[in-house]
file my_file_9.cif (mmCIF, C-alpha atoms)
data_start
#
loop_
_atom_site.label_atom_id
_atom_site.label_comp_id
_atom_site.auth_asym_id
_atom_site.auth_seq_id
_atom_site.Cartn_x
_atom_site.Cartn_y
_atom_site.Cartn_z
CA MET A 1 -128.47 47.64 -20.87
CA GLN A 2 -126.27 46.73 -17.89
CA ALA A 3 -126.75 42.99 -18.45
CA SER A 4 -125.66 43.22 -22.08
CA MET A 5 -122.65 45.34 -21.13
CA ALA A 6 -121.68 42.77 -18.50
CA ALA A 7 -121.95 39.98 -21.06
CA ALA A 8 -119.80 41.90 -23.51
CA SER A 9 -117.16 42.67 -20.89
CA SER A 10 -116.89 38.97 -19.89
CA GLU A 11 -115.63 38.16 -23.40
CA PRO A 12 -111.89 38.84 -23.27
CA THR A 13 -110.54 41.27 -25.85
CA ILE A 14 -108.39 39.33 -28.27
CA PRO A 15 -105.69 41.21 -30.13
CA SER A 16 -105.01 40.57 -33.83
CA VAL A 17 -101.25 40.18 -33.21
CA ASN A 18 -99.19 38.75 -30.36
CA LYS A 19 -95.64 37.97 -29.28
CA ALA A 20 -94.47 34.64 -30.71
CA TRP A 21 -91.25 32.74 -31.27
CA ILE A 22 -91.04 31.93 -34.98
CA TYR A 23 -88.67 30.43 -37.53
CA SER A 24 -88.70 31.64 -41.15
CA GLU A 25 -86.02 29.20 -42.32
CA TYR A 26 -84.81 25.79 -41.16
CA GLY A 27 -81.63 25.45 -39.16
CA LYS A 28 -80.19 25.45 -35.65
CA THR A 29 -82.54 26.90 -33.06
CA SER A 30 -79.91 29.40 -31.96
CA ASP A 31 -79.63 30.72 -35.54
CA VAL A 32 -83.20 30.72 -36.83
CA LEU A 33 -85.63 31.01 -33.90
CA LYS A 34 -86.58 34.69 -33.42
CA LEU A 35 -89.03 36.60 -31.24
CA ASP A 36 -91.68 38.38 -33.34
CA GLU A 37 -93.53 41.05 -31.35
CA ASN A 38 -96.37 41.30 -33.89
CA PHE A 39 -97.18 37.84 -35.22
CA LEU A 40 -100.74 37.04 -36.26
CA VAL A 41 -103.02 35.46 -33.65
CA PRO A 42 -104.55 32.34 -35.25
CA GLN A 43 -108.18 32.30 -36.32
CA ILE A 44 -110.11 29.38 -34.87
CA LYS A 45 -112.10 26.80 -36.83
CA GLU A 46 -115.53 25.69 -35.60
CA ASP A 47 -114.13 22.70 -33.66
CA GLU A 48 -111.30 24.71 -32.07
CA VAL A 49 -110.76 26.97 -29.09
CA LEU A 50 -108.39 29.92 -28.77
CA ILE A 51 -106.14 29.64 -25.73
CA LYS A 52 -104.31 32.39 -23.86
CA VAL A 53 -101.08 30.48 -23.30
CA VAL A 54 -99.86 30.51 -19.70
CA ALA A 55 -97.11 27.87 -20.00
CA ALA A 56 -95.61 25.81 -22.83
CA ALA A 57 -93.27 22.80 -22.57
CA LEU A 58 -90.45 21.99 -24.96
CA ASN A 59 -90.01 18.59 -26.62
CA PRO A 60 -87.20 17.20 -28.81
CA ILE A 61 -89.57 17.12 -31.79
CA ASP A 62 -89.68 20.94 -31.60
CA TYR A 63 -85.99 21.43 -32.39
CA LYS A 64 -85.98 18.51 -34.86
CA LYS A 65 -88.72 20.29 -36.79
CA ILE A 66 -86.84 23.62 -36.63
CA LEU A 67 -83.80 21.81 -38.09
CA GLY A 68 -86.02 20.68 -40.97
CA LEU A 69 -85.71 16.98 -40.15
CA ARG A 70 -89.50 16.52 -40.26
CA LYS A 71 -90.58 19.12 -42.82
CA ASP A 72 -92.31 17.06 -45.51
CA ASN A 73 -95.83 18.15 -44.57
CA ASP A 74 -95.01 21.50 -42.97
CA PRO A 75 -97.23 24.52 -43.61
CA PRO A 76 -95.50 27.48 -45.29
CA LEU A 77 -92.91 29.26 -43.13
CA PRO A 78 -92.82 31.15 -40.80
CA ILE A 79 -93.90 28.66 -38.12
CA VAL A 80 -94.42 29.01 -34.37
CA PRO A 81 -92.94 25.89 -32.67
CA GLY A 82 -94.40 24.12 -29.65
CA HIS A 83 -96.82 21.26 -29.00
CA ASP A 84 -97.57 21.32 -25.27
CA VAL A 85 -99.77 24.01 -23.72
CA ALA A 86 -101.53 24.92 -20.52
CA GLY A 87 -103.70 28.00 -20.58
CA ILE A 88 -107.12 29.62 -20.47
CA VAL A 89 -109.84 29.39 -23.12
CA VAL A 90 -110.65 32.87 -24.46
CA LYS A 91 -112.83 31.96 -27.45
CA VAL A 92 -114.73 28.85 -28.56
CA GLY A 93 -115.72 27.67 -32.04
CA SER A 94 -119.39 27.13 -32.89
CA GLN A 95 -119.15 23.31 -32.67
CA VAL A 96 -117.25 23.14 -29.37
CA LYS A 97 -119.22 21.34 -26.64
CA LYS A 98 -116.62 20.51 -23.96
CA PHE A 99 -115.25 23.96 -23.08
CA LYS A 100 -116.34 27.49 -22.33
CA VAL A 101 -114.51 30.80 -22.07
CA GLY A 102 -112.52 30.88 -18.83
CA ASP A 103 -111.81 27.12 -18.64
CA GLU A 104 -108.26 26.14 -17.70
CA VAL A 105 -107.08 23.52 -20.20
CA TYR A 106 -104.00 21.59 -21.23
CA GLY A 107 -102.95 19.33 -24.09
CA ASP A 108 -100.64 18.53 -26.98
CA ILE A 109 -102.25 20.70 -29.64
CA THR A 110 -101.01 18.71 -32.67
CA GLU A 111 -103.01 15.53 -33.21
CA LYS A 112 -100.57 14.13 -35.80
CA ALA A 113 -97.23 15.92 -35.56
CA LEU A 114 -95.71 14.54 -38.77
CA GLU A 115 -98.80 14.28 -40.97
CA GLU A 116 -100.58 17.51 -40.01
CA PRO A 117 -98.09 19.87 -38.35
CA LYS A 118 -99.32 23.24 -37.12
CA LYS A 119 -98.32 26.70 -38.29
CA PHE A 120 -99.29 28.23 -34.94
CA GLY A 121 -97.63 26.28 -32.10
CA THR A 122 -97.64 27.00 -28.37
CA LEU A 123 -94.61 29.31 -27.95
CA ALA A 124 -96.78 32.39 -28.31
CA GLU A 125 -99.26 34.41 -26.25
CA TYR A 126 -102.18 32.72 -28.04
CA THR A 127 -102.66 29.39 -29.77
CA ALA A 128 -105.58 27.49 -31.31
CA ALA A 129 -106.36 23.82 -30.70
CA GLN A 130 -109.06 21.32 -31.53
CA GLU A 131 -111.37 20.44 -28.67
CA LYS A 132 -110.47 16.73 -28.99
CA VAL A 133 -106.81 17.21 -28.00
CA LEU A 134 -107.54 19.30 -24.87
CA ALA A 135 -108.61 18.36 -21.36
CA LEU A 136 -109.53 20.40 -18.31
CA LYS A 137 -106.46 21.02 -16.18
CA PRO A 138 -106.53 19.01 -12.93
CA ASN A 139 -107.10 21.47 -10.07
CA ASN A 140 -104.10 20.29 -8.07
CA LEU A 141 -101.65 21.02 -10.90
CA ASN A 142 -100.34 24.49 -11.61
CA PHE A 143 -99.99 25.62 -15.23
CA VAL A 144 -96.27 24.76 -15.39
CA GLU A 145 -96.86 21.20 -14.18
CA ALA A 146 -99.82 20.77 -16.52
CA ALA A 147 -97.91 22.06 -19.56
CA SER A 148 -95.12 19.56 -18.89
CA LEU A 149 -97.34 16.51 -19.25
CA PRO A 150 -99.36 16.02 -22.45
CA LEU A 151 -96.97 14.95 -25.21
CA ALA A 152 -94.70 12.94 -22.89
CA ILE A 153 -97.39 11.20 -20.83
CA GLU A 154 -99.48 10.39 -23.91
CA THR A 155 -96.37 8.99 -25.62
CA ALA A 156 -95.63 6.68 -22.69
CA TYR A 157 -99.27 5.59 -22.49
CA GLU A 158 -99.61 4.89 -26.21
CA GLY A 159 -96.29 3.00 -26.24
CA PHE A 160 -97.46 0.77 -23.40
CA GLU A 161 -100.73 0.09 -25.20
CA ILE A 162 -98.82 -0.91 -28.36
CA ALA A 163 -96.56 -3.18 -26.27
CA GLN A 164 -99.66 -4.58 -24.52
CA LEU A 165 -98.05 -4.00 -21.12
CA SER A 166 -100.22 -5.68 -18.52
CA ALA A 167 -100.31 -6.18 -14.76
CA GLY A 168 -97.65 -8.52 -13.45
CA GLN A 169 -95.22 -8.04 -16.35
CA SER A 170 -91.66 -6.72 -16.14
CA ILE A 171 -90.50 -3.70 -18.13
CA LEU A 172 -87.20 -1.99 -18.91
CA ILE A 173 -87.42 1.74 -19.66
CA LEU A 174 -84.43 3.20 -21.50
CA GLY A 175 -83.91 6.87 -20.68
CA GLY A 176 -85.78 6.87 -17.40
CA ALA A 177 -84.90 10.40 -16.31
CA GLY A 178 -86.00 12.18 -19.49
CA GLY A 179 -89.34 13.79 -20.26
CA VAL A 180 -91.03 10.62 -21.51
CA GLY A 181 -89.08 8.12 -19.40
CA SER A 182 -89.76 9.81 -16.06
CA LEU A 183 -93.50 9.55 -16.71
CA ALA A 184 -93.20 6.05 -18.21
CA ILE A 185 -91.77 4.71 -14.93
CA GLN A 186 -94.74 6.10 -13.01
CA LEU A 187 -97.35 4.84 -15.50
CA ALA A 188 -95.80 1.37 -15.63
CA LYS A 189 -95.85 1.09 -11.85
CA HIS A 190 -99.02 2.88 -10.83
CA VAL A 191 -101.34 2.69 -13.85
CA PHE A 192 -100.42 -0.48 -15.78
CA GLY A 193 -99.47 -2.51 -12.70
CA ALA A 194 -96.06 -3.78 -13.87
CA SER A 195 -94.58 -6.10 -11.25
CA ARG A 196 -91.01 -5.02 -11.92
CA VAL A 197 -89.86 -1.74 -13.41
CA ALA A 198 -86.22 -1.27 -14.42
CA ALA A 199 -84.89 1.96 -15.91
CA THR A 200 -81.61 3.44 -17.11
CA ALA A 201 -80.05 6.81 -16.31
CA SER A 202 -76.70 8.38 -15.48
CA THR A 203 -75.18 8.07 -11.99
CA LYS A 204 -76.61 11.27 -10.49
CA LYS A 205 -80.15 10.44 -11.57
CA LEU A 206 -80.53 6.93 -10.13
CA ASP A 207 -82.20 8.18 -6.94
CA LEU A 208 -84.76 10.03 -9.07
CA LEU A 209 -85.61 6.78 -10.88
CA ARG A 210 -86.15 5.00 -7.56
CA SER A 211 -88.29 7.85 -6.23
CA LEU A 212 -90.53 7.57 -9.32
CA GLY A 213 -91.12 3.86 -8.72
CA ALA A 214 -88.24 2.01 -10.42
CA ASP A 215 -87.40 -1.29 -8.69
CA LEU A 216 -84.06 -1.46 -10.49
CA ALA A 217 -82.10 1.69 -11.42
CA ILE A 218 -79.35 0.92 -13.94
CA ASP A 219 -76.38 3.29 -14.36
CA TYR A 220 -75.81 3.27 -18.11
CA THR A 221 -72.36 4.83 -17.62
CA LYS A 222 -71.21 1.74 -15.71
CA GLU A 223 -73.41 -1.17 -16.79
CA LYS A 224 -74.62 -2.59 -20.09
CA TYR A 225 -78.28 -3.33 -19.49
CA GLU A 226 -78.36 -5.91 -22.30
CA GLU A 227 -75.71 -7.99 -20.50
CA LEU A 228 -77.74 -8.34 -17.31
CA PRO A 229 -78.97 -11.89 -16.67
CA GLU A 230 -82.48 -10.50 -16.13
CA LYS A 231 -84.62 -10.16 -19.27
CA PHE A 232 -87.91 -8.26 -19.61
CA ASP A 233 -91.42 -8.77 -20.98
CA VAL A 234 -91.40 -5.24 -22.42
CA VAL A 235 -88.61 -2.85 -23.40
CA PHE A 236 -89.65 0.77 -23.89
CA ASP A 237 -86.97 2.85 -25.60
CA ALA A 238 -87.57 6.49 -24.69
CA VAL A 239 -84.17 7.48 -26.12
CA GLY A 240 -84.41 6.13 -29.64
CA LYS A 241 -80.84 5.08 -30.39
CA GLU A 242 -80.69 1.65 -28.83
CA GLY A 243 -81.25 -0.65 -31.81
CA GLU A 244 -80.08 -4.23 -31.22
CA ARG A 245 -79.15 -3.60 -27.58
CA ALA A 246 -82.82 -3.13 -26.70
CA VAL A 247 -83.76 -6.42 -28.33
CA LYS A 248 -81.09 -8.30 -26.33
CA ALA A 249 -82.82 -7.27 -23.10
CA LEU A 250 -86.12 -8.91 -24.12
CA LYS A 251 -87.48 -12.21 -22.88
CA GLU A 252 -88.39 -14.63 -25.65
CA GLY A 253 -91.70 -13.45 -27.08
CA GLY A 254 -91.34 -10.05 -25.41
CA LYS A 255 -92.40 -6.74 -26.96
CA SER A 256 -90.12 -3.79 -27.68
CA VAL A 257 -91.29 -0.29 -28.66
CA ALA A 258 -89.29 2.85 -29.42
CA ILE A 259 -90.19 6.50 -29.88
CA ALA A 260 -87.40 7.06 -32.44
CA GLY A 261 -84.88 5.08 -34.48
CA PRO A 262 -82.70 3.38 -35.37
CA ILE A 263 -84.41 0.15 -34.34
CA SER A 264 -83.91 -3.59 -34.85
CA PRO A 265 -86.71 -6.13 -35.25
CA PRO A 266 -88.94 -6.99 -33.46
CA THR A 267 -88.90 -3.44 -32.03
CA VAL A 268 -91.69 -1.28 -33.42
CA ILE A 269 -91.48 2.48 -33.71
CA PHE A 270 -94.51 4.69 -33.27
CA VAL A 271 -95.49 8.35 -33.52
CA LEU A 272 -97.97 9.69 -31.01
CA THR A 273 -101.54 10.52 -31.94
CA SER A 274 -102.45 13.28 -29.49
CA THR A 275 -105.80 12.78 -27.74
CA ALA A 276 -107.46 14.20 -24.65
CA THR A 277 -108.86 10.74 -23.92
CA THR A 278 -105.53 9.70 -22.40
CA LEU A 279 -105.35 12.83 -20.23
CA GLU A 280 -108.92 12.22 -19.06
CA LYS A 281 -108.17 8.56 -18.21
CA LEU A 282 -105.11 9.61 -16.22
CA LYS A 283 -106.86 12.44 -14.36
CA PRO A 284 -107.51 10.37 -11.18
CA TYR A 285 -103.83 9.39 -10.98
CA LEU A 286 -102.72 13.00 -11.45
CA GLU A 287 -105.25 14.32 -8.92
CA SER A 288 -104.25 11.73 -6.31
CA GLY A 289 -100.56 12.50 -6.81
CA LYS A 290 -99.76 8.90 -7.80
CA VAL A 291 -98.42 10.27 -11.09
CA LYS A 292 -96.49 13.54 -10.82
CA ALA A 293 -94.97 16.04 -13.21
CA VAL A 294 -91.17 15.84 -13.31
CA LEU A 295 -89.58 19.22 -14.00
CA ASP A 296 -85.99 19.98 -14.95
CA PRO A 297 -84.18 22.25 -12.45
CA VAL A 298 -84.10 25.09 -15.06
CA THR A 299 -87.91 25.15 -15.12
CA PRO A 300 -89.61 27.61 -15.32
CA VAL A 301 -87.76 29.47 -18.07
CA PRO A 302 -89.17 32.94 -18.89
CA PHE A 303 -90.53 33.48 -22.40
CA SER A 304 -87.69 35.89 -23.27
CA LYS A 305 -85.14 33.12 -22.51
CA THR A 306 -86.69 30.47 -24.79
CA LEU A 307 -83.43 30.11 -26.76
CA GLU A 308 -81.59 29.16 -23.54
CA ALA A 309 -84.33 26.62 -22.81
CA PHE A 310 -83.79 25.01 -26.22
CA ALA A 311 -80.01 24.99 -25.74
CA HIS A 312 -80.48 23.01 -22.50
CA LEU A 313 -82.94 20.58 -24.12
CA GLU A 314 -80.56 20.03 -27.04
CA THR A 315 -77.79 18.76 -24.74
CA GLY A 316 -79.89 15.59 -24.38
CA HIS A 317 -79.40 15.67 -20.61
CA ALA A 318 -82.53 17.42 -19.36
CA THR A 319 -84.18 15.79 -16.36
CA GLY A 320 -87.94 15.61 -16.84
CA LYS A 321 -89.43 18.56 -18.67
CA ILE A 322 -88.38 22.12 -19.51
CA VAL A 323 -91.32 24.53 -19.35
CA VAL A 324 -91.47 28.13 -20.59
CA TYR A 325 -93.35 30.35 -18.15
CA PRO A 326 -94.59 33.02 -17.78
CA ILE A 327 -95.64 33.79 -21.32
CA PRO A 328 -95.99 37.58 -21.27
#
call {"tool": "encode", "arguments": {"input": "my_file_9.cif", "output": "structure tokens"}}
result
Amino acid sequence: MQASMAAASSEPTIPSVNKAWIYSEYGKTSDVLKLDENFLVPQIKEDEVLIKVVAAALNPIDYKKILGLRKDNDPPLPIVPGHDVAGIVVKVGSQVKKFKVGDEVYGDITEKALEEPKKFGTLAEYTAAQEKVLALKPNNLNFVEAASLPLAIETAYEGFEIAQLSAGQSILILGGAGGVGSLAIQLAKHVFGASRVAATASTKKLDLLRSLGADLAIDYTKEKYEELPEKFDVVFDAVGKEGERAVKALKEGGKSVAIAGPISPPTVIFVLTSTATTLEKLKPYLESGKVKAVLDPVTPVPFSKTLEAFAHLETGHATGKIVVYPIP
């Protein structure tokens, strides 16, 4: 009797409703994003886990989706925004092999953000995610640091794979102080073995670029990177507005990738496919501290102040990542 009671009590009680930020129409975040105190907790499929969300990071795609710029495949409104999560597994589907209740996990919960967007994102007390997009949280990272990483670090990694960045090459990273760029500098230097890493940022952020591993920090307010005599094997545009300028910075035969448009040939644009495989490959670099989370000074932003967090992100001048924590 006692054993069965103990087993029952180890299963957390999961409510049917929870607090969640939702939008029921498309528009500006400040107009349409509302806190719902009684939004449905998602039901999990057999290959999913239910996560008690501890921290959730914001990404530009979140407010672009709220604006309706990427709504073609959206599920019916209302929608909970948010892709990045760090939290604790509270329930596992029947086919899940990798995780058990109580595991601390992190990931970008949407495998294909444009093709298969989620109704239940991460800006809520609970969210559901497929096992294949989640990894165990490295022990040396707290939940805020872990939540900041998945979408941005996987984007940088996938972009470098598309560009075939290899040891000994030079790379120029446009937008080096942002969420993706600040991780791209570190991956280029410490994981892919680039021999020379250049990156752009505004004047006050140049020291940050150097501290992350940039050999050349370019002040975009004072210099035109495409007019430098030095050209690069790879240009990685983590801003997404650089077009022909990015191409002018390439060596002949070089590769240019961008995370958003407009672009000019031969630059290729790509959309992340979220996978835990990347997080698992990078685990040794995260655990050793060679690759670190970069957090905006406003982080952490409490759940009740999520609108302020979005307002800061939407300026386009966040440094590293904005993370919402604690979530009730």
call {"tool": "resolve_selection", "arguments": {"input": "my_file_9.cif", "expression": "the PyMOL selection byres ((chain A and resi 254-271) around 7)", "output": "list in words"}}
result
Gly159, Ala163, Phe232, Asp233, Val234, Val235, Phe236, Asp237, Ala238, Gly240, Lys241, Glu242, Gly243, Glu244, Val247, Leu250, Lys251, Glu252, Gly253, Leu272 and Thr273 of chain A
call {"tool": "resolve_selection", "arguments": {"input": "my_file_9.cif", "expression": "the PyMOL selection byres ((chain A and resi 92) around 12)", "output": "compact mmCIF listing (two decimals) with C-alpha atoms, in the frame of the given file"}}
result
# COMPACT_ATOMS: atom_id res chain seq x y z
CA GLU A 11 -115.63 38.16 -23.40
CA PRO A 12 -111.89 38.84 -23.27
CA GLN A 43 -108.18 32.30 -36.32
CA ILE A 44 -110.11 29.38 -34.87
CA LYS A 45 -112.10 26.80 -36.83
CA GLU A 46 -115.53 25.69 -35.60
CA ASP A 47 -114.13 22.70 -33.66
CA GLU A 48 -111.30 24.71 -32.07
CA VAL A 49 -110.76 26.97 -29.09
CA LEU A 50 -108.39 29.92 -28.77
CA ILE A 51 -106.14 29.64 -25.73
CA LYS A 52 -104.31 32.39 -23.86
CA ILE A 88 -107.12 29.62 -20.47
CA VAL A 89 -109.84 29.39 -23.12
CA VAL A 90 -110.65 32.87 -24.46
CA LYS A 91 -112.83 31.96 -27.45
CA GLY A 93 -115.72 27.67 -32.04
CA SER A 94 -119.39 27.13 -32.89
CA GLN A 95 -119.15 23.31 -32.67
CA VAL A 96 -117.25 23.14 -29.37
CA LYS A 97 -119.22 21.34 -26.64
CA LYS A 98 -116.62 20.51 -23.96
CA PHE A 99 -115.25 23.96 -23.08
CA LYS A 100 -116.34 27.49 -22.33
CA VAL A 101 -114.51 30.80 -22.07
CA GLY A 102 -112.52 30.88 -18.83
CA ASP A 103 -111.81 27.12 -18.64
CA ALA A 128 -105.58 27.49 -31.31
CA ALA A 129 -106.36 23.82 -30.70
CA GLN A 130 -109.06 21.32 -31.53
CA GLU A 131 -111.37 20.44 -28.67
call {"tool": "closest_residue", "arguments": {"input": "my_file_9.cif", "among": "A:Phe143, A:Phe192, A:Tyr220, A:Tyr157", "to": "Ala55 (chain A)", "atoms": "only C-alpha atoms"}}
result
A:Phe143
call {"tool": "atom_distance", "arguments": {"input": "my_file_9.cif", "atom1": "CA of Leu67 (chain A)", "atom2": "CA of Val180 (chain A)"}}
result
21.3 Å
call {"tool": "resolve_selection", "arguments": {"input": "my_file_9.cif", "expression": "the PyMOL selection byres ((chain A and resi 136) around 6)", "output": "VMD selection string"}}
result
chain A and resid 104 to 105 135 137
call {"tool": "closest_residue", "arguments": {"input": "my_file_9.cif", "among": "A:Gly107, A:Tyr126, A:Gly82, A:Lys290", "to": "Ser16 (chain A)", "atoms": "all atoms listed in the file"}}
result
A:Tyr126
call {"tool": "closest_atom_pairs", "arguments": {"input": "my_file_9.cif", "of": "region 216-310 of chain A", "to": "region 27-41 of chain A", "cutoff": "9 Å", "atoms": "all atoms listed in the file", "output": "Markdown table"}}
result
| residue | atom | partner | partner_atom | distance |
| --- | --- | --- | --- | --- |
| A:Ser304 | CA | A:Leu35 | CA | 8.1 |
| A:Leu307 | CA | A:Ser30 | CA | 6.3 |
| A:Glu308 | CA | A:Ser30 | CA | 8.6 |
| A:Phe310 | CA | A:Thr29 | CA | 7.2 |
call {"tool": "closest_residue", "arguments": {"input": "my_file_9.cif", "among": "A:Ala124, A:Leu141, A:Ala199, A:Ile61", "to": "Ala20 (chain A)", "atoms": "all atoms listed in the file"}}
result
A:Ala124
call {"tool": "axis_aligned_box", "arguments": {"input": "my_file_9.cif", "around": "region 228-240 of chain A", "padding_each_side": "4 Å", "output": "JSON"}}
result
{"center_x": -84.6, "center_y": -2.2, "center_z": -22.9, "size_x": 21.7, "size_y": 27.4, "size_z": 21.5}
call {"tool": "atom_distance", "arguments": {"input": "my_file_9.cif", "atom1": "CA of Glu25 (chain A)", "atom2": "CA of Leu58 (chain A)"}}
result
19.3 Å
call {"tool": "atom_distance", "arguments": {"input": "my_file_9.cif", "atom1": "CA of Leu69 (chain A)", "atom2": "CA of Gly178 (chain A)"}}
result
21.2 Å
call {"tool": "build_atoms", "arguments": {"input": "my_file_9.cif", "residues": "region 204-219 of chain A", "atoms": "N, CA and C atoms", "output": "PDB file, in the coordinates of the input"}}
result
ATOM      1  N   LYS A 204     -75.975  10.288 -11.390  1.00  0.00           N
ATOM      2  CA  LYS A 204     -76.610  11.270 -10.490  1.00  0.00           C
ATOM      3  C   LYS A 204     -78.131  11.168 -10.470  1.00  0.00           C
ATOM      4  N   LYS A 205     -78.694  10.454 -11.440  1.00  0.00           N
ATOM      5  CA  LYS A 205     -80.150  10.440 -11.570  1.00  0.00           C
ATOM      6  C   LYS A 205     -80.797   9.131 -11.087  1.00  0.00           C
ATOM      7  N   LEU A 206     -79.989   8.230 -10.544  1.00  0.00           N
ATOM      8  CA  LEU A 206     -80.530   6.930 -10.130  1.00  0.00           C
ATOM      9  C   LEU A 206     -81.528   7.064  -8.987  1.00  0.00           C
ATOM     10  N   ASP A 207     -81.261   7.988  -8.049  1.00  0.00           N
ATOM     11  CA  ASP A 207     -82.200   8.180  -6.940  1.00  0.00           C
ATOM     12  C   ASP A 207     -83.549   8.695  -7.440  1.00  0.00           C
ATOM     13  N   LEU A 208     -83.511   9.546  -8.472  1.00  0.00           N
ATOM     14  CA  LEU A 208     -84.760  10.030  -9.070  1.00  0.00           C
ATOM     15  C   LEU A 208     -85.569   8.845  -9.610  1.00  0.00           C
ATOM     16  N   LEU A 209     -84.911   7.935 -10.328  1.00  0.00           N
ATOM     17  CA  LEU A 209     -85.610   6.780 -10.880  1.00  0.00           C
ATOM     18  C   LEU A 209     -86.307   5.989  -9.773  1.00  0.00           C
ATOM     19  N   ARG A 210     -85.577   5.769  -8.675  1.00  0.00           N
ATOM     20  CA  ARG A 210     -86.150   5.000  -7.560  1.00  0.00           C
ATOM     21  C   ARG A 210     -87.333   5.747  -6.953  1.00  0.00           C
ATOM     22  N   SER A 211     -87.203   7.058  -6.836  1.00  0.00           N
ATOM     23  CA  SER A 211     -88.290   7.850  -6.230  1.00  0.00           C
ATOM     24  C   SER A 211     -89.551   7.823  -7.094  1.00  0.00           C
ATOM     25  N   LEU A 212     -89.392   7.614  -8.398  1.00  0.00           N
ATOM     26  CA  LEU A 212     -90.530   7.570  -9.320  1.00  0.00           C
ATOM     27  C   LEU A 212     -91.196   6.197  -9.347  1.00  0.00           C
ATOM     28  N   GLY A 213     -90.509   5.190  -8.773  1.00  0.00           N
ATOM     29  CA  GLY A 213     -91.120   3.860  -8.720  1.00  0.00           C
ATOM     30  C   GLY A 213     -90.300   2.751  -9.350  1.00  0.00           C
ATOM     31  N   ALA A 214     -89.067   3.065  -9.819  1.00  0.00           N
ATOM     32  CA  ALA A 214     -88.240   2.010 -10.420  1.00  0.00           C
ATOM     33  C   ALA A 214     -87.759   1.048  -9.340  1.00  0.00           C
ATOM     34  N   ASP A 215     -87.912  -0.255  -9.597  1.00  0.00           N
ATOM     35  CA  ASP A 215     -87.400  -1.290  -8.690  1.00  0.00           C
ATOM     36  C   ASP A 215     -85.912  -1.504  -8.909  1.00  0.00           C
ATOM     37  N   LEU A 216     -85.466  -1.279 -10.144  1.00  0.00           N
ATOM     38  CA  LEU A 216     -84.060  -1.460 -10.490  1.00  0.00           C
ATOM     39  C   LEU A 216     -83.620  -0.232 -11.284  1.00  0.00           C
ATOM     40  N   ALA A 217     -82.646   0.516 -10.735  1.00  0.00           N
ATOM     41  CA  ALA A 217     -82.100   1.690 -11.420  1.00  0.00           C
ATOM     42  C   ALA A 217     -80.730   1.309 -11.965  1.00  0.00           C
ATOM     43  N   ILE A 218     -80.567   1.380 -13.271  1.00  0.00           N
ATOM     44  CA  ILE A 218     -79.350   0.920 -13.940  1.00  0.00           C
ATOM     45  C   ILE A 218     -78.538   2.136 -14.402  1.00  0.00           C
ATOM     46  N   ASP A 219     -77.284   2.194 -13.967  1.00  0.00           N
ATOM     47  CA  ASP A 219     -76.380   3.290 -14.360  1.00  0.00           C
ATOM     48  C   ASP A 219     -75.780   2.947 -15.721  1.00  0.00           C
TER      49      ASP A 219
END
